[in-house]
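Novice: Submitted below is the structure of interest, expressed as structure tokens.
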Amino acid sequence: MTDELLSPAQRFSRRELMRRGLLGGTAIALTPSLLAALEGSAAAASTATAASGTINFFSWQGYDLLDEPTVKAWRKKNGVTVHSTYVNTHNDITAKFTAGGGKGIYNLSTYEAGYGPFYVGLDIPQPLDLSKIPNFKNAHPLFRSGAIANKWWHFKGKQWAVPFTWGIQGINYQSDKIKAPTSYRDLLKPEFKKKYGVTDDPVAAIVIGAHATGIFRADSLYTHAQLSKIIAFWKTLKANARLIVPSYGNMGDLFASGEIVAATPGWAAVNSFAASKGDHAVKHVAPKEGSATFCDAFFIPNGAKDTDVVYSYINEAFSLEAQAQEAKALVQAAVCPGAVKLMDKATRALYPYGQLTQILTKAAPLEVIPANVPKGYATFADWNKAWEKFKA
Amino acid sequence: MTHRRPHVSGLAVYTVLLFLFLFAPIAFVVLFSFNKTAGLTFPFHGFSLRWYRAVFSSPTYRESIVASLRVALITVVVVVVVGTLAGIGLTRHAFRGSGAARGLLLFPAALPGLFVGIALLSFFVQTKVTLSLWTVTAGHLVYVLPYFVLVVTSRLQRFDYLLEEAARDLGAGPWTTFRRVTLPLIAPSLIAGALVVFSLSWDEVFITFFTIGAQNTLPLVIYSTVKQSVDPSVNAISTLLLAGSLVFIFSVRRLVVDLQQ
Amino acid sequence: MTAAAVAGQIGSINVRVRRRRRLVVAGLVAPALLVVCGALLVPALNLIVQSFLESSGYGGVVYHFTLSNYLDAIRDPTYRKVAWHSFGLGALAALICVVAGYPAAYFITFRLHHRWRNLALFLVVISLFTSYLVRLYAWYTILGGNGIVNTALIHLGVVKHPLLFLLFSRWAVLIAFVNVFLPFSVLMLTSAMQNIRPELLENARDLGASPLRTFSRIVLPLTMTGAVGAFTYTFILTSGDYITPSLLGGTSSTSLANIVSDEFVALGNRQAGAAISCVMLLIFFTVYLSLSRLERWKGI
């Protein structure tokens, strides 16, 4: 945005960088033989000047990478400010970039893997220039090419988004008040009556529900009867629930104020949200029936301005140090194998990085929304409608 | 009249309790704005100004306040001009259709913000208008206009037209009459109406939620904060706003009283 | 010129003057009407048109006349259940606001000295100056498991465990609605009561009428407009509120207004949302018409 929002240190470094860029440019014009010697500083200058600016972020709280130390330092060094607006549900992202006036205003957002083709159909993301994100090469091959990548991030000949984090959704619980639940149905026990929440996250809920009712399918194609079965499962959970939790951020508050001792669908990042409110005992667990695996990718919305600074920010997010810190702050998994050795023991133990391929393809494949639905199966609209009825 | 005494004190106690009920939430909002920790429930951890500091140093609050001000001020100016003219037109002479016009101008007050919001959103989507603070202002205009028209017409119905006739007899044209006779006399009502309009627009969230683009007004920031992760900084900003509106009302009252003299 | 001709000439000038005056006056009202037409009527007409069209995908529309949106709105059991709860809660909140507002309005109008009355009304107005949202989530502090009510009840030994139904339930929504709309009700009733001359009440008492009879025969009929106004205003705005139920309602967090809002935002189905809201409008209109008839009621 404008200079007032930058600290004096940021403003100073920005002026410095601009001066260096100008000098570099003049020297190149005047003395071609010095080109080689100056190339280094000119290139550094041009990347540095391109990197400064404002990022207008619209997505989940935490994905704007505000707390990761190296990213923080990088922002300071390059004069980058991040303006964030957070969403409560994935539908908020859909709404904002269709009718909601978000195109042209926000220049960075994310989508969860399964939403890729849906969003491309709605003309939401713009094709990415991977040459501007060299660090993406750090990511595991699974995320860059192959069957999974070609379904959700690289199709129709273009790269629509770059996956930077993944995780699992199970149950969050207050570890100093209850033991870790081993099954979703543990919550139905009388001691938990009116003490837990059901999160308003239809996709995670339906995928988890499919696991819990034993009819899980990796392609997310369920008949209407199967969908009703899943909703019936959630209705039994709703009967004893204290409330329907409007957002994951709100879940952290509810734990901290003691209104609930458990919630599902969960998100490991809620552990951090609750900790920031003084409750350090919230943990996340994947019950035995299975959990929903999600994978979020950065995308640049159509009509975005200042895409250069966004590209450099995304690039920074894929550096190994940043990936390690993201894993720690979000309590989620990194996509870059090289980042694992940079993590501390506790963070490394959170996710089975050694079995990545098996995890993402067989054991707990990515939660996806139904696409190209043949007749007789429930569409994404049917899922949303069923969830509306569930909440009512 | 001793038989009236028990009756009176019963009503008095009831009224006091009612006021306590009305002000209880406000009292707690103010109290917890000074909480040392981020909690909004008891126990209260001691006094601190940290949330007020947070509000003042937050660009999100700053920008949303500016956006709210922009919308509210434009709304007030347009509604005062348009509404005063309409008020005069409706009360001066009964013309055919004045009843219908009056009904049309007043009925938006009977609609929940939801309708105005989705009607406008639908319309803007169809006509491919980008959502922005201007689309928000359009919604606020139609929402507050009835309230202002009500204030103006009720004032004008008590207005003594003999004063205007006297001025005209003395040779003043209609515009001069309006400027020098009518306007000063109805000014206090116009100011009161403007105040009502400002506070209605300032606090509006139902219509704004649907018609806003990527901007934020203060109520929307509060709404999304409450839905996501609320801390006493919301209490702090509300206490500040309450204090601000009290100061504002008192100074306007002063102004109105002075004008009346 | 004959007197008749002169009179005729003056007559025609008068007619022209009057016609011009009427045009000027109509012109004064025009800008305001333009605002309402442009910002409300035209969009509302568009909404009505949308309600008869078919939805396709997220945010798409097919220009094909259909009654399916209305049929779904009326026949769907979930919508009916939610509507029943939303309107029921709204009606209850409105009734409580009117009934609870009467004693306070009566006290303020007839039992308070002029200066105290202004102060009381001023206080009522002030209570409206706190942001609606902020007053909403203040109820977390008051009604929550660790809130003041539960803490007090446990301390006083009235209950052993916190009462969980106070927050995240329809009770919390009802309490919040009453808290927000009671000031409006008190103001409207006070304004209506100021039309009653105190002598009327004194005469009734002198003639031996009980307070109840005075109320039902004199106060109620004379303030019926205010009561109907307060009830209708509260009923319409609470039934169309999508924020309070979602924040305080717990598992009953869906209101009819939420469903409309979600059709638009989450489902991208403007057509269904339009149909449901048109049905809501019809219901409001019907309630308002029936209540207006009540205004002519002259007491028991």
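Residue names in the structure tokens use chain letters A, B, ... in the order shown, residue numbers from 1 in each chain, and ligand numbers from 1 in the order shown.
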Return as a ChimeraX atom specification the residues belonging to chain C that are within 6 Å of chain B, counting only C-alpha atoms.
Specialist: /C:25,28-29,31-32,36,43-44,47,104,130-131,135,138,141,146-147,179,237,240
Novice: Skipping near chain neighbours, those fewer than 3 positions away, what residues fall within 10 Å of C:Phe87 using only C-alpha atoms, listed as a list in words?
Specialist: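 Once the adjacent positions are removed, what remains is Val82, Ala83, Trp84, Gly90, Ala91, Leu92, Ala93, Phe235, Ile236, Thr238, Ser239, Gly240, Ser255, Leu256, Met280, Ile283 and Phe284 of chain C.
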Novice: Let me see the file: selected residues, C-alpha atoms, as a PDB file, in the first residue's frame.
Specialist:
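What landed in again23.pdb:
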ATOM      1  CA  VAL C  82     -36.684 -23.569   9.965  1.00  0.00           C
ATOM      2  CA  ALA C  83     -39.381 -21.082   8.960  1.00  0.00           C
ATOM      3  CA  TRP C  84     -41.579 -22.225  11.808  1.00  0.00           C
ATOM      4  CA  GLY C  90     -39.548 -13.630  16.082  1.00  0.00           C
ATOM      5  CA  ALA C  91     -43.177 -13.472  17.159  1.00  0.00           C
ATOM      6  CA  LEU C  92     -42.271 -14.442  20.721  1.00  0.00           C
ATOM      7  CA  ALA C  93     -39.531 -11.822  20.879  1.00  0.00           C
ATOM      8  CA  PHE C 235     -41.200  -9.302  14.346  1.00  0.00           C
ATOM      9  CA  ILE C 236     -39.994  -8.445  10.854  1.00  0.00           C
ATOM     10  CA  THR C 238     -35.948 -10.548  14.155  1.00  0.00           C
ATOM     11  CA  SER C 239     -37.391 -13.024  11.663  1.00  0.00           C
ATOM     12  CA  GLY C 240     -35.052 -11.650   9.006  1.00  0.00           C
ATOM     13  CA  SER C 255     -32.585 -19.196  10.626  1.00  0.00           C
ATOM     14  CA  LEU C 256     -34.617 -18.708   7.486  1.00  0.00           C
ATOM     15  CA  MET C 280     -40.921 -14.456   3.469  1.00  0.00           C
ATOM     16  CA  ILE C 283     -45.691 -13.691   5.073  1.00  0.00           C
ATOM     17  CA  PHE C 284     -44.537 -10.372   6.545  1.00  0.00           C
TER      18      PHE C 284
END
Novice: Using only C-alpha atoms, find which residues of chain A lie within 6 Å of chain C and jot them down as a PyMOL selection string.
Specialist: chain A and resi 91+95+243-244+392
Novice: Compute the set of chain B residues within 7 Å of chain A, using only C-alpha atoms, and express it as a ChimeraX atom specification.
Specialist: /B:38,41,125,130-131,213-214,227-229
Novice: Could you tell me which of A:Gly214, A:Gly79, A:Gly170, A:Pro69 comes closest to A:Gly53 if we count only C-alpha atoms?
Specialist: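 Closest to A:Gly53 of all the choices is A:Gly79.
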Novice: Skip B:Val151 itself and residues of its chain fewer than 4 positions away, then list as a ChimeraX atom specification all residues within 7 Å of it, counting only C-alpha atoms.
Specialist: /B:147,155,189,193
Novice: Pick out the closest residue to A:Lys389 from this set: A:Ala262, A:Ala210, A:Ala232, A:Met343. Count only C-alpha atoms.
Specialist: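 The shortest atom-to-atom distance to A:Lys389 comes from A:Ala232.
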Novice: DSSP on the backbone, then: every residue of stretch 105-227 of chain B marked helix (DSSP H, G or I), written as a ChimeraX atom specification.
Specialist: /B:105-110,113-126,133-157,161-169,174-203,206-211,218-227
